[in-house]
Amino acid sequence: MQTLSRSIHLSLHIHKDPDAMAERAAHIISEKCDEAVTERGCFKIAISGGKTPIPLFRLLTRKDWVDALPWDKISVFWADERCVAPDDPRSNYGMAHKELLSYVPCTQYYRMRGDLEPVKAAADYEQVLRQEFRLKEGEVPRFDMILLGMGDDGHTASLFPNSPALFANQRLVIDQYVPARKADRLTMTLPVLNNSRCCLFMVTGMEKHAVLSRALNLLDKPELPAQFVHPAVGDLIWVVDEAAATGRE
C-alpha cells in the first residue's frame, strides 16, 4: 500500500436543525463529487444507515439536486449493514433505496448482502471492493467520501465500543455479533474509513451532546469508535445540529 504523509483537515458545522444540516451536507457532497469527477472521472461514496441521513437523502431527490449531480458517474457503497433481508425495515440498503435510490438515476450501487450468512457476506463484500477499486494485495480502497453517523455510545458504522472489530487491521470488511444489539452486523474496518479522502459525520439530538463533546476533544484519549476515525490524508467533517452541540433543545 502506498505510504501517505499524515494531513488531516478537521471542520465543524453547527446548524439549527436536521433540514439545515442536510443542506450543508448536500453542498459538501456536491463539492467533493465535482472534485472527484474532474480529477478521476467518478465519485465513490459509502453511506451508513440510521435515521440521521434521511433528511439528506430526501433532499437529494428534489429535482434541483437530481439535476445538479452527475449520477451516472456516482458509485454508492455501504459502510455497514444489519444482517437482515433488503426488505426488512432495519436494512440500511432498504432505507437508502426507499428514501433515495428509487428516485435518482444512479445505477451503480453495491449493497452488502445482509441476507447471506454473515461470514460469507463480509468476504463477498471485501471482494466487491477489491474488484471495483482494482486493488492489489495489501491495498486498501480509497473512497472519495464516507458518510457516517454516531450513536450515543460513540459507535460509528457498525464499530462498537470494546469490539474486536476495532483492531481488525488485515480486513476491509468484517462480520461480528454485537451483544448490545443482540444482532449480527457487517462493517467496513478502520483502515478503510481512515483511507478515505473525506469522512463526513452527521449527528443530531441533545442525547448525543456528551459523546459528541468527547469525540471532538482532540486531547481526549481515544476510546470511542468515532474517535478512531481520522483520515490519514483527507478531510474530517462534522455536521451537527444545535441540540447535539449544546445539549439543549
# chains A, B, ... in the order shown; residues from 1 in each chain; ligands from 1
$ closest_atom_pairs --of "range 65-112 of chain A" --to "range 152-165 of chain A" --cutoff "8 Å" --atoms "only C-alpha atoms" --output "JSON lines"
{"residue": "A:Ala79", "atom": "CA", "partner": "A:Ala157", "partner_atom": "CA", "distance": 6.0}
{"residue": "A:Asp80", "atom": "CA", "partner": "A:Ala157", "partner_atom": "CA", "distance": 5.4}
{"residue": "A:Glu81", "atom": "CA", "partner": "A:Ser158", "partner_atom": "CA", "distance": 7.5}
$ write_last_selection --atoms "C-alpha atoms" --output "PDB file, in the first residue's frame"
ATOM      1  CA  ALA A  79     -20.097   1.339   5.186  1.00  0.00           C
ATOM      2  CA  ASP A  80     -22.114  -1.156   7.223  1.00  0.00           C
ATOM      3  CA  GLU A  81     -25.243  -3.255   7.207  1.00  0.00           C
TER       4      GLU A  81
END
$ closest_atom_pairs --of "range 113-231 of chain A" --to "range 9-31 of chain A" --cutoff "9 Å" --atoms "only C-alpha atoms" --output "CSV"
residue,atom,partner,partner_atom,distance
A:Met145,CA,A:Ile29,CA,7.9
A:Leu200,CA,A:Ala25,CA,8.1
A:Met202,CA,A:Met21,CA,7.8
A:Val203,CA,A:Pro18,CA,8.8
A:Thr204,CA,A:Pro18,CA,6.9
A:Leu216,CA,A:Leu12,CA,8.9
A:His230,CA,A:Leu10,CA,9.0
A:Pro231,CA,A:His9,CA,8.8
$ select_by_dssp --residues "range 153-229 of chain A" --states "strand (DSSP E or B)" --output "list of chain:residue names"
A:Thr156, A:Leu159, A:Val173, A:Ile174, A:Asp175, A:Gln176, A:Tyr177, A:Val178, A:Ala183, A:Asp184, A:Arg185, A:Leu186, A:Thr187, A:Met188, A:Cys198, A:Cys199, A:Leu200, A:Phe201, A:Met202, A:Val203
$ closest_residue --among "A:Leu147, A:Asp87, A:Leu135, A:Leu69" --to "Pro53 in chain A" --atoms "only C-alpha atoms"
A:Leu147
